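Chemist: The following block contains the structure, expressed as C-alpha cells.
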Amino acid sequence: MMVHMAATADVPTSEIEGTHPRDRGACASAQRDSRQPCGTAPHDTPQPPQPAAPTPAADDPSLGELLLPSEPASAGLARRITRHQLGVRWQLPEELTENAVLLVSELVGNAVQHAGAPEFGLRFRRGRGRVRVEVSDPSRALPVLLPVREMAVISGRGLFLVDTLADRWGVDLLPQGKCTWFEMRAPHR
C-alpha cells in the first residue's frame, strides 16, 4: 500500500505506510507463546491485534526518534518521511527538501549496509535558520569519507554527497552506538 500525500495536506507521519508501530510488528509480550497470534494468550480466543498506541515520533519525527527496520526498503520510506516533514509540514524550499531527501537516503543506506542491527533511528530537528537530520544506529564504527575520483563508482559516494551538499555534518558517539547527522541552512519560521 502506498499513501499519496497531497502537497497541501498535513498527513500524520504515522499514516505513511510502515511508520506506525503496528506496521512494524509492534508486539512485545515476553510470556506469549510464539505459536499464538500477536495479542493473544494461550487458551484465549484469537482476537484481532490491537494497534499499538502511537508514540509522538510516529506522528511527528521532529518530536522523537522514529525507529525503522534495517532493510533496503527503509531507504524509500525514509525518503518519503523526509519529503513529507520538510516539504509539507515545514514547507521548506523544494531544492533544500530534495537535497535532504538524497542525503537521508545515503545515511540510511550506510546504516542498513554497515551497522548490522535490526533497526535504526531517524529524527528531524529544526532550529533557528537550520534543519538537522539524524540517523542513529547501535554500531560505534565511524563512517569514513573516502575521496571520490570517478563518478562512475557505484558505492562509496554517500559521505561525499553529504560533505558536498550539507552545510555541516558529523558523527556523535552514543553510549549504545552513534548518530550520524547533517545540517542545512533553512529559512526562519
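Chain labels A, B, ... are given in the sequence in which chains occur in the C-alpha cells; within each chain residues are numbered consecutively from 1, and ligands are likewise numbered from 1 in the order shown.
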Env of A:Val104: 9 Å cut, atoms = only C-alpha atoms, seq-sep filter 5 positions within chain, self excluded. Answer as JSON, numbers by chain.

Modeler: {"A": [75, 78, 79, 82, 99, 109, 122, 133, 134, 135, 162, 182]}

Chemist: Taking 6 positions as the minimum chain separation for residues in the same chain, which residues sit within 9 Å of stretch 172-179 of chain A when counting only C-alpha atoms? Answer as a ChimeraX atom specification.

Modeler: /A:121,134-142

Chemist: Produce a file of the selected residues containing all heavy atoms, as a PDB file, in the first residue's frame.

Modeler:
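Listed below is the output, result_7.pdb:
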ATOM      1  N   GLY A 121      17.437   4.583  13.816  1.00  0.00           N
ATOM      2  CA  GLY A 121      16.575   5.704  14.172  1.00  0.00           C
ATOM      3  C   GLY A 121      16.709   6.852  13.185  1.00  0.00           C
ATOM      4  O   GLY A 121      17.778   7.074  12.609  1.00  0.00           O
ATOM      5  N   GLU A 134      19.073  13.400  11.666  1.00  0.00           N
ATOM      6  CA  GLU A 134      19.929  12.446  12.366  1.00  0.00           C
ATOM      7  C   GLU A 134      19.518  11.015  12.026  1.00  0.00           C
ATOM      8  O   GLU A 134      18.330  10.703  12.001  1.00  0.00           O
ATOM      9  CB  GLU A 134      19.800  12.639  13.882  1.00  0.00           C
ATOM     10  CG  GLU A 134      20.130  14.037  14.345  1.00  0.00           C
ATOM     11  CD  GLU A 134      19.800  14.270  15.818  1.00  0.00           C
ATOM     12  OE1 GLU A 134      19.114  13.409  16.433  1.00  0.00           O
ATOM     13  OE2 GLU A 134      20.224  15.305  16.349  1.00  0.00           O
ATOM     14  N   VAL A 135      20.516  10.171  11.791  1.00  0.00           N
ATOM     15  CA  VAL A 135      20.296   8.736  11.610  1.00  0.00           C
ATOM     16  C   VAL A 135      21.175   8.042  12.647  1.00  0.00           C
ATOM     17  O   VAL A 135      22.393   8.222  12.651  1.00  0.00           O
ATOM     18  CB  VAL A 135      20.664   8.273  10.184  1.00  0.00           C
ATOM     19  CG1 VAL A 135      20.549   6.762  10.062  1.00  0.00           C
ATOM     20  CG2 VAL A 135      19.772   8.968   9.157  1.00  0.00           C
ATOM     21  N   SER A 136      20.544   7.302  13.541  1.00  0.00           N
ATOM     22  CA  SER A 136      21.300   6.632  14.604  1.00  0.00           C
ATOM     23  C   SER A 136      21.221   5.120  14.424  1.00  0.00           C
ATOM     24  O   SER A 136      20.251   4.591  13.889  1.00  0.00           O
ATOM     25  CB  SER A 136      20.768   7.046  15.975  1.00  0.00           C
ATOM     26  OG  SER A 136      19.414   6.677  16.104  1.00  0.00           O
ATOM     27  N   ASP A 137      22.295   4.461  14.872  1.00  0.00           N
ATOM     28  CA  ASP A 137      22.336   3.004  14.836  1.00  0.00           C
ATOM     29  C   ASP A 137      23.222   2.530  15.983  1.00  0.00           C
ATOM     30  O   ASP A 137      23.978   3.320  16.553  1.00  0.00           O
ATOM     31  CB  ASP A 137      22.827   2.498  13.476  1.00  0.00           C
ATOM     32  CG  ASP A 137      24.254   2.903  13.169  1.00  0.00           C
ATOM     33  OD1 ASP A 137      25.185   2.452  13.873  1.00  0.00           O
ATOM     34  OD2 ASP A 137      24.455   3.667  12.205  1.00  0.00           O
ATOM     35  N   PRO A 138      23.149   1.251  16.343  1.00  0.00           N
ATOM     36  CA  PRO A 138      23.896   0.767  17.502  1.00  0.00           C
ATOM     37  C   PRO A 138      25.379   0.479  17.246  1.00  0.00           C
ATOM     38  O   PRO A 138      26.091   0.112  18.168  1.00  0.00           O
ATOM     39  CB  PRO A 138      23.147  -0.514  17.894  1.00  0.00           C
ATOM     40  CG  PRO A 138      22.496  -0.972  16.653  1.00  0.00           C
ATOM     41  CD  PRO A 138      22.188   0.272  15.867  1.00  0.00           C
ATOM     42  N   SER A 139      25.876   0.663  16.036  1.00  0.00           N
ATOM     43  CA  SER A 139      27.287   0.430  15.758  1.00  0.00           C
ATOM     44  C   SER A 139      28.100   1.656  16.166  1.00  0.00           C
ATOM     45  O   SER A 139      27.695   2.790  15.922  1.00  0.00           O
ATOM     46  CB  SER A 139      27.479   0.169  14.257  1.00  0.00           C
ATOM     47  OG  SER A 139      28.856   0.162  13.940  1.00  0.00           O
ATOM     48  N   ARG A 140      29.267   1.409  16.759  1.00  0.00           N
ATOM     49  CA  ARG A 140      30.150   2.526  17.110  1.00  0.00           C
ATOM     50  C   ARG A 140      31.248   2.713  16.064  1.00  0.00           C
ATOM     51  O   ARG A 140      32.134   3.551  16.230  1.00  0.00           O
ATOM     52  CB  ARG A 140      30.732   2.315  18.499  1.00  0.00           C
ATOM     53  CG  ARG A 140      29.633   2.472  19.574  1.00  0.00           C
ATOM     54  CD  ARG A 140      30.142   2.277  20.982  1.00  0.00           C
ATOM     55  NE  ARG A 140      31.211   3.159  21.390  1.00  0.00           N
ATOM     56  CZ  ARG A 140      31.057   4.372  21.894  1.00  0.00           C
ATOM     57  NH1 ARG A 140      29.859   4.880  22.025  1.00  0.00           N
ATOM     58  NH2 ARG A 140      32.103   5.080  22.264  1.00  0.00           N
ATOM     59  N   ALA A 141      31.178   1.960  14.980  1.00  0.00           N
ATOM     60  CA  ALA A 141      32.146   2.135  13.893  1.00  0.00           C
ATOM     61  C   ALA A 141      31.863   3.452  13.187  1.00  0.00           C
ATOM     62  O   ALA A 141      30.730   3.727  12.797  1.00  0.00           O
ATOM     63  CB  ALA A 141      32.042   0.966  12.915  1.00  0.00           C
ATOM     64  N   LEU A 142      32.873   4.259  13.046  1.00  0.00           N
ATOM     65  CA  LEU A 142      32.708   5.576  12.447  1.00  0.00           C
ATOM     66  C   LEU A 142      32.723   5.494  10.921  1.00  0.00           C
ATOM     67  O   LEU A 142      33.520   4.758  10.343  1.00  0.00           O
ATOM     68  CB  LEU A 142      33.822   6.515  12.917  1.00  0.00           C
ATOM     69  CG  LEU A 142      33.858   6.798  14.409  1.00  0.00           C
ATOM     70  CD1 LEU A 142      35.069   7.653  14.757  1.00  0.00           C
ATOM     71  CD2 LEU A 142      32.586   7.492  14.851  1.00  0.00           C
TER      72      LEU A 142
END

Chemist: For A:Val131, which residue out of A:Glu94, A:Arg168, A:Leu67, A:Gly76 is the nearest one, using only C-alpha atoms?

Modeler: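 Answer, going by the shortest atom-to-atom distance: A:Arg168.
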